[in-house]
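Okay, query11.txt now, which holds compact mmCIF, N, CA and C atoms:
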# COMPACT_ATOMS: atom_id res chain seq x y z
N MET A 1 206.24 280.63 289.08
CA MET A 1 205.35 279.50 289.17
C MET A 1 205.42 278.74 287.85
N GLN A 2 205.67 277.46 287.93
CA GLN A 2 205.72 276.66 286.71
C GLN A 2 204.31 276.31 286.29
N ILE A 3 204.05 276.49 285.00
CA ILE A 3 202.74 276.14 284.49
C ILE A 3 202.79 274.74 283.93
N SER A 4 201.66 274.14 283.81
CA SER A 4 201.59 272.77 283.31
C SER A 4 201.83 272.73 281.82
N ALA A 5 202.10 271.56 281.32
CA ALA A 5 202.27 271.38 279.88
C ALA A 5 200.97 271.74 279.18
N ARG A 6 199.86 271.54 279.82
CA ARG A 6 198.56 271.89 279.24
C ARG A 6 198.53 273.37 278.91
N ARG A 7 199.15 274.21 279.77
CA ARG A 7 199.20 275.65 279.57
C ARG A 7 199.97 275.97 278.28
N LEU A 8 201.03 275.20 278.01
CA LEU A 8 201.83 275.45 276.82
C LEU A 8 201.00 275.31 275.56
N VAL A 9 200.10 274.39 275.54
CA VAL A 9 199.38 274.11 274.32
C VAL A 9 198.00 274.75 274.31
N THR A 10 197.90 275.92 274.92
CA THR A 10 196.64 276.66 274.85
C THR A 10 196.49 277.28 273.48
N PRO A 11 195.27 277.55 273.05
CA PRO A 11 195.08 278.18 271.75
C PRO A 11 195.79 279.52 271.65
N ALA A 12 195.92 280.24 272.75
CA ALA A 12 196.59 281.54 272.69
C ALA A 12 198.03 281.38 272.24
N LEU A 13 198.72 280.35 272.69
CA LEU A 13 200.10 280.14 272.27
C LEU A 13 200.16 279.73 270.82
N ALA A 14 199.07 279.24 270.30
CA ALA A 14 199.04 278.85 268.89
C ALA A 14 199.15 280.06 267.99
N VAL A 15 198.94 281.22 268.54
CA VAL A 15 198.96 282.44 267.75
C VAL A 15 200.38 282.96 267.72
N LEU A 16 201.17 282.46 266.79
CA LEU A 16 202.60 282.76 266.77
C LEU A 16 202.98 283.72 265.65
N ALA A 17 203.63 284.79 266.00
CA ALA A 17 204.19 285.67 264.98
C ALA A 17 205.55 286.13 265.47
N PHE A 18 206.55 285.82 264.77
CA PHE A 18 207.92 286.11 265.09
C PHE A 18 208.14 287.61 264.95
N SER A 19 208.53 288.30 266.06
CA SER A 19 208.58 289.75 265.96
C SER A 19 209.92 290.37 266.33
N LEU A 20 210.90 289.65 266.80
CA LEU A 20 212.17 290.25 267.13
C LEU A 20 213.00 290.39 265.87
N PRO A 21 213.31 291.60 265.46
CA PRO A 21 214.07 291.75 264.23
C PRO A 21 215.48 291.21 264.38
N LEU A 22 215.97 290.60 263.34
CA LEU A 22 217.32 290.06 263.36
C LEU A 22 218.35 291.12 262.99
N THR A 23 217.96 292.16 262.27
CA THR A 23 218.86 293.25 261.91
C THR A 23 218.10 294.55 262.01
N ALA A 24 218.84 295.62 262.18
CA ALA A 24 218.22 296.94 262.21
C ALA A 24 217.92 297.34 260.77
N CYS A 25 216.92 298.21 260.61
CA CYS A 25 216.60 298.62 259.25
C CYS A 25 216.24 300.09 259.22
N GLY A 26 216.40 300.70 258.03
CA GLY A 26 216.01 302.07 257.81
C GLY A 26 216.96 303.07 258.43
N GLY A 27 216.74 304.33 258.13
CA GLY A 27 217.48 305.42 258.74
C GLY A 27 218.88 305.57 258.19
N SER A 28 219.61 306.49 258.77
CA SER A 28 220.96 306.84 258.37
C SER A 28 221.97 305.89 259.00
N ASP A 29 223.13 305.82 258.40
CA ASP A 29 224.22 305.03 258.97
C ASP A 29 224.88 305.76 260.11
N GLU A 30 224.67 307.08 260.21
CA GLU A 30 225.29 307.87 261.25
C GLU A 30 224.50 307.75 262.54
N GLU A 31 225.24 307.61 263.65
CA GLU A 31 224.59 307.57 264.95
C GLU A 31 224.70 308.93 265.60
N THR A 32 223.64 309.37 266.24
CA THR A 32 223.69 310.61 266.99
C THR A 32 224.01 310.25 268.43
N PRO A 33 224.55 311.17 269.19
CA PRO A 33 224.91 310.88 270.58
C PRO A 33 223.74 310.42 271.43
N THR A 34 222.51 310.81 271.07
CA THR A 34 221.35 310.42 271.87
C THR A 34 220.79 309.06 271.49
N LYS A 35 221.23 308.51 270.36
CA LYS A 35 220.73 307.22 269.93
C LYS A 35 221.81 306.16 270.11
N LYS A 36 221.39 304.99 270.58
CA LYS A 36 222.31 303.87 270.71
C LYS A 36 221.86 302.78 269.77
N ALA A 37 222.81 302.12 269.15
CA ALA A 37 222.49 301.02 268.26
C ALA A 37 221.95 299.86 269.08
N ALA A 38 221.01 299.12 268.51
CA ALA A 38 220.49 297.94 269.18
C ALA A 38 221.62 296.92 269.29
N PRO A 39 221.68 296.19 270.40
CA PRO A 39 222.74 295.20 270.54
C PRO A 39 222.60 294.12 269.46
N ALA A 40 223.74 293.61 269.05
CA ALA A 40 223.75 292.56 268.02
C ALA A 40 223.12 291.29 268.59
N VAL A 41 222.52 290.52 267.70
CA VAL A 41 221.91 289.25 268.08
C VAL A 41 222.96 288.17 267.89
N SER A 42 223.23 287.40 268.95
CA SER A 42 224.25 286.34 268.89
C SER A 42 223.75 285.16 268.07
N GLY A 43 224.67 284.28 267.72
CA GLY A 43 224.31 283.06 266.98
C GLY A 43 223.32 282.21 267.75
N ASP A 44 223.52 282.08 269.07
CA ASP A 44 222.58 281.29 269.88
C ASP A 44 221.21 281.96 269.92
N GLN A 45 221.19 283.29 270.04
CA GLN A 45 219.92 283.99 270.04
C GLN A 45 219.20 283.79 268.70
N ARG A 46 219.95 283.83 267.61
CA ARG A 46 219.35 283.56 266.30
C ARG A 46 218.79 282.14 266.25
N GLY A 47 219.50 281.20 266.85
CA GLY A 47 219.01 279.82 266.90
C GLY A 47 217.71 279.71 267.67
N ILE A 48 217.61 280.44 268.77
CA ILE A 48 216.39 280.44 269.58
C ILE A 48 215.25 281.08 268.79
N LEU A 49 215.53 282.19 268.13
CA LEU A 49 214.52 282.82 267.28
C LEU A 49 214.10 281.86 266.16
N GLY A 50 215.05 281.10 265.65
CA GLY A 50 214.74 280.11 264.63
C GLY A 50 213.81 279.03 265.15
N THR A 51 213.99 278.63 266.41
CA THR A 51 213.11 277.63 267.02
C THR A 51 211.69 278.18 267.13
N VAL A 52 211.57 279.42 267.56
CA VAL A 52 210.24 280.04 267.67
C VAL A 52 209.62 280.16 266.27
N GLU A 53 210.42 280.54 265.30
CA GLU A 53 209.91 280.64 263.93
C GLU A 53 209.49 279.26 263.40
N ALA A 54 210.27 278.22 263.72
CA ALA A 54 209.91 276.86 263.31
C ALA A 54 208.60 276.43 263.96
N LEU A 55 208.40 276.81 265.23
CA LEU A 55 207.15 276.51 265.92
C LEU A 55 205.99 277.21 265.22
N GLN A 56 206.21 278.46 264.86
CA GLN A 56 205.17 279.21 264.14
C GLN A 56 204.84 278.54 262.82
N THR A 57 205.84 278.18 262.06
CA THR A 57 205.63 277.55 260.76
C THR A 57 204.91 276.22 260.90
N ALA A 58 205.36 275.40 261.85
CA ALA A 58 204.72 274.10 262.07
C ALA A 58 203.28 274.28 262.52
N SER A 59 203.04 275.27 263.36
CA SER A 59 201.68 275.55 263.82
C SER A 59 200.80 275.94 262.65
N ARG A 60 201.30 276.82 261.82
CA ARG A 60 200.52 277.28 260.67
C ARG A 60 200.29 276.18 259.65
N ASN A 61 201.19 275.19 259.62
CA ASN A 61 201.07 274.08 258.68
C ASN A 61 200.39 272.85 259.28
N ASP A 62 199.80 273.00 260.47
CA ASP A 62 199.11 271.90 261.14
C ASP A 62 200.03 270.68 261.29
N ASP A 63 201.27 270.94 261.72
CA ASP A 63 202.28 269.89 261.85
C ASP A 63 202.57 269.57 263.32
N GLY A 64 201.59 269.00 264.00
CA GLY A 64 201.76 268.61 265.39
C GLY A 64 202.88 267.60 265.57
N ARG A 65 203.02 266.69 264.63
CA ARG A 65 204.08 265.69 264.69
C ARG A 65 205.46 266.36 264.68
N GLY A 66 205.64 267.34 263.80
CA GLY A 66 206.91 268.06 263.72
C GLY A 66 207.20 268.85 264.99
N ILE A 67 206.17 269.45 265.58
CA ILE A 67 206.35 270.20 266.82
C ILE A 67 206.84 269.28 267.93
N CYS A 68 206.17 268.15 268.09
CA CYS A 68 206.54 267.22 269.17
C CYS A 68 207.90 266.57 268.91
N ALA A 69 208.21 266.27 267.66
CA ALA A 69 209.45 265.55 267.33
C ALA A 69 210.65 266.47 267.22
N ASP A 70 210.47 267.69 266.72
CA ASP A 70 211.61 268.53 266.37
C ASP A 70 211.76 269.82 267.16
N ILE A 71 210.72 270.25 267.85
CA ILE A 71 210.76 271.56 268.52
C ILE A 71 210.73 271.42 270.04
N PHE A 72 209.97 270.47 270.56
CA PHE A 72 209.90 270.23 272.00
C PHE A 72 210.95 269.22 272.42
N THR A 73 211.42 269.34 273.67
CA THR A 73 212.29 268.31 274.22
C THR A 73 211.46 267.08 274.55
N ALA A 74 212.13 265.94 274.70
CA ALA A 74 211.43 264.71 275.09
C ALA A 74 210.75 264.88 276.44
N GLN A 75 211.38 265.64 277.34
CA GLN A 75 210.80 265.88 278.66
C GLN A 75 209.48 266.65 278.53
N LEU A 76 209.43 267.65 277.68
CA LEU A 76 208.19 268.40 277.49
C LEU A 76 207.12 267.53 276.84
N VAL A 77 207.51 266.71 275.89
CA VAL A 77 206.55 265.80 275.25
C VAL A 77 205.93 264.89 276.30
N ARG A 78 206.77 264.31 277.17
CA ARG A 78 206.24 263.44 278.24
C ARG A 78 205.32 264.20 279.17
N SER A 79 205.68 265.43 279.51
CA SER A 79 204.86 266.25 280.40
C SER A 79 203.50 266.56 279.77
N ILE A 80 203.49 266.88 278.48
CA ILE A 80 202.23 267.14 277.78
C ILE A 80 201.38 265.88 277.77
N GLU A 81 201.98 264.75 277.46
CA GLU A 81 201.23 263.50 277.40
C GLU A 81 200.66 263.11 278.76
N LYS A 82 201.43 263.33 279.80
CA LYS A 82 200.95 263.02 281.15
C LYS A 82 199.79 263.94 281.54
N SER A 83 199.94 265.22 281.27
CA SER A 83 198.91 266.19 281.62
C SER A 83 197.64 266.01 280.80
N ALA A 84 197.81 265.81 279.50
CA ALA A 84 196.65 265.71 278.60
C ALA A 84 196.05 264.32 278.55
N LYS A 85 196.80 263.33 279.02
CA LYS A 85 196.36 261.93 278.99
C LYS A 85 196.08 261.46 277.55
N ARG A 86 196.90 261.94 276.62
CA ARG A 86 196.86 261.49 275.23
C ARG A 86 198.19 261.87 274.60
N SER A 87 198.40 261.48 273.36
CA SER A 87 199.69 261.73 272.72
C SER A 87 199.96 263.22 272.54
N CYS A 88 201.23 263.56 272.53
CA CYS A 88 201.64 264.94 272.28
C CYS A 88 201.12 265.40 270.93
N VAL A 89 201.26 264.57 269.92
CA VAL A 89 200.82 264.94 268.56
C VAL A 89 199.34 265.27 268.56
N LYS A 90 198.52 264.45 269.21
CA LYS A 90 197.08 264.69 269.25
C LYS A 90 196.77 265.99 270.00
N GLU A 91 197.40 266.17 271.16
CA GLU A 91 197.16 267.36 271.97
C GLU A 91 197.59 268.62 271.23
N VAL A 92 198.78 268.60 270.67
CA VAL A 92 199.30 269.77 269.95
C VAL A 92 198.45 270.05 268.71
N SER A 93 198.08 269.01 267.99
CA SER A 93 197.27 269.19 266.78
C SER A 93 195.91 269.79 267.11
N ASP A 94 195.35 269.43 268.26
CA ASP A 94 194.04 269.95 268.65
C ASP A 94 194.09 271.32 269.30
N THR A 95 195.23 271.70 269.88
CA THR A 95 195.24 272.92 270.68
C THR A 95 196.27 273.97 270.26
N LEU A 96 197.30 273.58 269.58
CA LEU A 96 198.38 274.52 269.30
C LEU A 96 198.40 275.03 267.86
N VAL A 97 197.99 274.23 266.95
CA VAL A 97 198.08 274.64 265.54
C VAL A 97 197.03 275.69 265.20
N SER A 98 197.46 276.67 264.40
CA SER A 98 196.57 277.75 263.97
C SER A 98 197.19 278.41 262.75
N PRO A 99 196.41 278.65 261.71
CA PRO A 99 196.96 279.24 260.50
C PRO A 99 197.33 280.72 260.64
N ASP A 100 196.88 281.39 261.71
CA ASP A 100 197.14 282.83 261.84
C ASP A 100 197.49 283.22 263.28
N ALA A 101 198.55 282.60 263.82
CA ALA A 101 198.97 282.82 265.19
C ALA A 101 199.74 284.13 265.35
N ALA A 102 199.90 284.65 266.61
CA ALA A 102 200.67 285.88 266.85
C ALA A 102 201.28 285.90 268.25
N ILE A 103 202.59 285.78 268.32
CA ILE A 103 203.32 285.86 269.59
C ILE A 103 204.58 286.67 269.35
N ALA A 104 204.96 287.47 270.34
CA ALA A 104 206.15 288.31 270.22
C ALA A 104 207.24 287.76 271.12
N VAL A 105 208.46 287.75 270.61
CA VAL A 105 209.62 287.33 271.39
C VAL A 105 210.31 288.59 271.88
N GLY A 106 210.51 288.69 273.20
CA GLY A 106 211.17 289.85 273.77
C GLY A 106 212.66 289.87 273.43
N ARG A 107 213.28 291.00 273.64
CA ARG A 107 214.71 291.15 273.36
C ARG A 107 215.59 290.57 274.47
N ASP A 108 214.99 290.11 275.53
CA ASP A 108 215.77 289.64 276.69
C ASP A 108 216.07 288.15 276.64
N ILE A 109 216.55 287.67 275.51
CA ILE A 109 216.96 286.27 275.40
C ILE A 109 218.28 286.11 276.14
N LYS A 110 218.31 285.16 277.07
CA LYS A 110 219.52 284.92 277.86
C LYS A 110 220.00 283.49 277.61
N VAL A 111 221.27 283.37 277.28
CA VAL A 111 221.87 282.07 276.99
C VAL A 111 222.98 281.82 278.00
N THR A 112 222.94 280.64 278.63
CA THR A 112 223.98 280.21 279.55
C THR A 112 224.34 278.78 279.18
N GLY A 113 225.43 278.63 278.46
CA GLY A 113 225.84 277.30 278.04
C GLY A 113 224.83 276.68 277.10
N LEU A 114 224.29 275.54 277.51
CA LEU A 114 223.33 274.81 276.68
C LEU A 114 221.88 275.06 277.08
N SER A 115 221.66 276.07 277.92
CA SER A 115 220.29 276.41 278.30
C SER A 115 220.05 277.89 278.03
N ALA A 116 218.78 278.23 277.87
CA ALA A 116 218.44 279.62 277.55
C ALA A 116 217.02 279.91 278.01
N THR A 117 216.73 281.20 278.12
CA THR A 117 215.37 281.65 278.40
C THR A 117 215.03 282.77 277.43
N ALA A 118 213.75 282.88 277.13
CA ALA A 118 213.24 283.96 276.29
C ALA A 118 211.84 284.29 276.77
N THR A 119 211.53 285.55 276.83
CA THR A 119 210.19 285.98 277.22
C THR A 119 209.35 286.17 275.98
N ILE A 120 208.14 285.66 276.05
CA ILE A 120 207.21 285.79 274.93
C ILE A 120 205.93 286.47 275.42
N SER A 121 205.31 287.21 274.52
CA SER A 121 204.01 287.83 274.80
C SER A 121 203.02 287.29 273.79
N GLU A 122 201.93 286.77 274.31
CA GLU A 122 200.91 286.21 273.43
C GLU A 122 199.92 287.29 273.03
N GLN A 123 199.15 287.02 272.01
CA GLN A 123 198.17 287.97 271.49
C GLN A 123 197.19 288.41 272.56
N ASN A 124 196.88 287.52 273.52
CA ASN A 124 195.93 287.84 274.58
C ASN A 124 196.59 288.55 275.76
N ASP A 125 197.82 289.04 275.56
CA ASP A 125 198.61 289.76 276.56
C ASP A 125 199.18 288.87 277.65
N ASP A 126 199.04 287.55 277.57
CA ASP A 126 199.72 286.66 278.50
C ASP A 126 201.22 286.73 278.21
N VAL A 127 202.00 286.76 279.27
CA VAL A 127 203.46 286.79 279.14
C VAL A 127 203.99 285.51 279.78
N SER A 128 204.88 284.84 279.06
CA SER A 128 205.46 283.59 279.56
C SER A 128 206.95 283.59 279.30
N LYS A 129 207.65 282.79 280.08
CA LYS A 129 209.07 282.59 279.87
C LYS A 129 209.27 281.20 279.30
N LEU A 130 209.95 281.13 278.15
CA LEU A 130 210.32 279.85 277.56
C LEU A 130 211.67 279.44 278.12
N PHE A 131 211.80 278.17 278.47
CA PHE A 131 213.07 277.60 278.85
C PHE A 131 213.46 276.64 277.74
N LEU A 132 214.65 276.85 277.20
CA LEU A 132 215.10 276.06 276.06
C LEU A 132 216.39 275.33 276.40
N LEU A 133 216.61 274.21 275.73
CA LEU A 133 217.84 273.45 275.86
C LEU A 133 218.42 273.25 274.47
N LYS A 134 219.75 273.32 274.39
CA LYS A 134 220.42 273.05 273.12
C LYS A 134 220.77 271.57 273.07
N GLN A 135 220.19 270.87 272.11
CA GLN A 135 220.40 269.43 271.96
C GLN A 135 220.82 269.15 270.54
N ASP A 136 221.94 268.48 270.37
CA ASP A 136 222.47 268.16 269.04
C ASP A 136 222.56 269.41 268.16
N GLY A 137 222.97 270.52 268.76
CA GLY A 137 223.17 271.76 268.03
C GLY A 137 221.92 272.56 267.74
N GLU A 138 220.76 272.09 268.19
CA GLU A 138 219.48 272.77 267.94
C GLU A 138 218.83 273.17 269.26
N TRP A 139 218.20 274.34 269.29
CA TRP A 139 217.47 274.79 270.46
C TRP A 139 216.07 274.19 270.46
N ARG A 140 215.69 273.59 271.60
CA ARG A 140 214.36 273.00 271.75
C ARG A 140 213.67 273.60 272.97
N ILE A 141 212.36 273.72 272.89
CA ILE A 141 211.57 274.25 274.01
C ILE A 141 211.41 273.13 275.04
N ASP A 142 211.80 273.42 276.29
CA ASP A 142 211.78 272.43 277.36
C ASP A 142 210.63 272.65 278.34
N ARG A 143 210.27 273.90 278.58
CA ARG A 143 209.13 274.20 279.44
C ARG A 143 208.75 275.66 279.29
N VAL A 144 207.56 275.99 279.83
CA VAL A 144 207.02 277.35 279.75
C VAL A 144 206.50 277.72 281.13
N VAL A 145 206.82 278.92 281.58
CA VAL A 145 206.36 279.39 282.89
C VAL A 145 205.64 280.72 282.69
N ALA A 146 204.41 280.82 283.21
CA ALA A 146 203.64 282.07 283.12
C ALA A 146 204.33 283.15 283.94
N GLN A 147 204.28 284.37 283.45
CA GLN A 147 204.85 285.52 284.14
C GLN A 147 203.74 286.51 284.41
N ASP A 148 203.92 287.34 285.43
CA ASP A 148 202.96 288.42 285.67
C ASP A 148 203.18 289.48 284.60
N ALA A 149 202.11 289.88 283.93
CA ALA A 149 202.20 290.96 282.94
C ALA A 149 202.29 292.27 283.71
N ALA A 150 203.44 292.91 283.65
CA ALA A 150 203.63 294.15 284.41
C ALA A 150 203.76 295.33 283.50
Would you give me this structure, written as structure tokens?
Amino acid sequence: MQISARRLVTPALAVLAFSLPLTACGGSDEETPTKKAAPAVSGDQRGILGTVEALQTASRNDDGRGICADIFTAQLVRSIEKSAKRSCVKEVSDTLVSPDAAIAVGRDIKVTGLSATATISEQNDDVSKLFLLKQDGEWRIDRVVAQDAA
């Protein structure tokens, strides 16, 4: 079920904390037969994680203009403006920015060409799927769909 743009800019989503590690840490260099190394993170996956991190930084810095201009696609900006009946910057500044946000990015980032999906878990246990598009070499958030928390 697709959620509205209004759902994207809920205060819960404002709670952003980047949690998918980019590299493994600690422990021995030796692998035991019962342990498997975590799969490597691709360049596109790193780019997607960078987009989420940029959203977190902009949120913490009260930068609604940067979120609408640099992180969301034009289609998402229009959807937010239509749903909220005001500018994306105003809506995002009033509902998305937070100095102490917390959201987790799941390990199931899937990239197909210039589109991708990533599952996020919000602090309030809401789970959503982000749909992203690669535009001019950068990953941008295009829409968000609520998922059943299972």
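Nearest-residue note for Lys90 (chain A): choosing from A:Asp62, A:Asp136, A:Asp142, A:Asp44, the minimum distance belongs to A:Asp62, counting only C-alpha atoms.
Distance-wise, CA of Leu49 (chain A) and atom N of Lys85 (chain A) end up 28.8 Å apart.
Distances from A:Leu55, A:Val111, A:Val145, A:Val105 to Phe131 (chain A) were compared using only N, CA and C atoms, and the smallest one belongs to A:Val145.
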Checklist entry - Closest to Glu91 (chain A) among A:Ser128, A:Asp70, A:Gly64, A:Ser42, using all atoms listed in the file? => result A:Gly64
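Note that CA of Arg143 (chain A) and CA of Ser79 (chain A) are 9.1 Å apart.
In this structure, atom C of Lys129 (chain A) sits 11.5 Å away from CA of Asp148 (chain A).
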Need the shell around Val97 (chain A): protein/DNA/RNA residues with any atom at most 6.5 Å away, counting all atoms listed in the file. Skip same-chain ones fewer than 5 positions apart. Format as an mmCIF file with N, CA and C atoms, keeping the file's coordinate frame?
data_model
loop_
_atom_site.group_PDB
_atom_site.id
_atom_site.type_symbol
_atom_site.label_atom_id
_atom_site.label_comp_id
_atom_site.auth_asym_id
_atom_site.auth_seq_id
_atom_site.Cartn_x
_atom_site.Cartn_y
_atom_site.Cartn_z
ATOM 1 N N ALA A 14 199.070 279.240 270.300
ATOM 2 C CA ALA A 14 199.040 278.850 268.890
ATOM 3 C C ALA A 14 199.150 280.060 267.990
ATOM 4 N N ALA A 58 205.360 275.400 261.850
ATOM 5 C CA ALA A 58 204.720 274.100 262.070
ATOM 6 C C ALA A 58 203.280 274.280 262.520
ATOM 7 N N SER A 59 203.040 275.270 263.360
ATOM 8 C CA SER A 59 201.680 275.550 263.820
ATOM 9 C C SER A 59 200.800 275.940 262.650
ATOM 10 N N ARG A 60 201.300 276.820 261.820
ATOM 11 C CA ARG A 60 200.520 277.280 260.670
ATOM 12 C C ARG A 60 200.290 276.180 259.650
ATOM 13 N N ASP A 62 199.800 273.000 260.470
ATOM 14 C CA ASP A 62 199.110 271.900 261.140
ATOM 15 C C ASP A 62 200.030 270.680 261.290
ATOM 16 N N ASP A 63 201.270 270.940 261.720
ATOM 17 C CA ASP A 63 202.280 269.890 261.850
ATOM 18 C C ASP A 63 202.570 269.570 263.320
ATOM 19 N N VAL A 92 198.780 268.600 270.670
ATOM 20 C CA VAL A 92 199.300 269.770 269.950
ATOM 21 C C VAL A 92 198.450 270.050 268.710
#
Item to check | Residues within 6 Å of Ser121 (chain A), only N, CA and C atoms, excluding chain neighbours under 2 positions, as a PyMOL selection string | outcome: chain A and resi 102-106+119+123+125-128
Atoms kept (N, CA and C atoms) for selection, written as a PDB file, in the coordinates of the input:
ATOM      1  N   ALA A 102     199.900 284.650 266.610  1.00  0.00           N
ATOM      2  CA  ALA A 102     200.670 285.880 266.850  1.00  0.00           C
ATOM      3  C   ALA A 102     201.280 285.900 268.250  1.00  0.00           C
ATOM      4  N   ILE A 103     202.590 285.780 268.320  1.00  0.00           N
ATOM      5  CA  ILE A 103     203.320 285.860 269.590  1.00  0.00           C
ATOM      6  C   ILE A 103     204.580 286.670 269.350  1.00  0.00           C
ATOM      7  N   ALA A 104     204.960 287.470 270.340  1.00  0.00           N
ATOM      8  CA  ALA A 104     206.150 288.310 270.220  1.00  0.00           C
ATOM      9  C   ALA A 104     207.240 287.760 271.120  1.00  0.00           C
ATOM     10  N   VAL A 105     208.460 287.750 270.610  1.00  0.00           N
ATOM     11  CA  VAL A 105     209.620 287.330 271.390  1.00  0.00           C
ATOM     12  C   VAL A 105     210.310 288.590 271.880  1.00  0.00           C
ATOM     13  N   GLY A 106     210.510 288.690 273.200  1.00  0.00           N
ATOM     14  CA  GLY A 106     211.170 289.850 273.770  1.00  0.00           C
ATOM     15  C   GLY A 106     212.660 289.870 273.430  1.00  0.00           C
ATOM     16  N   THR A 119     211.530 285.550 276.830  1.00  0.00           N
ATOM     17  CA  THR A 119     210.190 285.980 277.220  1.00  0.00           C
ATOM     18  C   THR A 119     209.350 286.170 275.980  1.00  0.00           C
ATOM     19  N   GLN A 123     199.150 287.020 272.010  1.00  0.00           N
ATOM     20  CA  GLN A 123     198.170 287.970 271.490  1.00  0.00           C
ATOM     21  C   GLN A 123     197.190 288.410 272.560  1.00  0.00           C
ATOM     22  N   ASP A 125     197.820 289.040 275.560  1.00  0.00           N
ATOM     23  CA  ASP A 125     198.610 289.760 276.560  1.00  0.00           C
ATOM     24  C   ASP A 125     199.180 288.870 277.650  1.00  0.00           C
ATOM     25  N   ASP A 126     199.040 287.550 277.570  1.00  0.00           N
ATOM     26  CA  ASP A 126     199.720 286.660 278.500  1.00  0.00           C
ATOM     27  C   ASP A 126     201.220 286.730 278.210  1.00  0.00           C
ATOM     28  N   VAL A 127     202.000 286.760 279.270  1.00  0.00           N
ATOM     29  CA  VAL A 127     203.460 286.790 279.140  1.00  0.00           C
ATOM     30  C   VAL A 127     203.990 285.510 279.780  1.00  0.00           C
ATOM     31  N   SER A 128     204.880 284.840 279.060  1.00  0.00           N
ATOM     32  CA  SER A 128     205.460 283.590 279.560  1.00  0.00           C
ATOM     33  C   SER A 128     206.950 283.590 279.300  1.00  0.00           C
TER      34      SER A 128
END
Checklist entry - So which one's closest to Arg140 (chain A), A:Arg65, A:Val52, A:Thr117, A:Thr73? Using all atoms listed in the file, please. => result A:Thr73
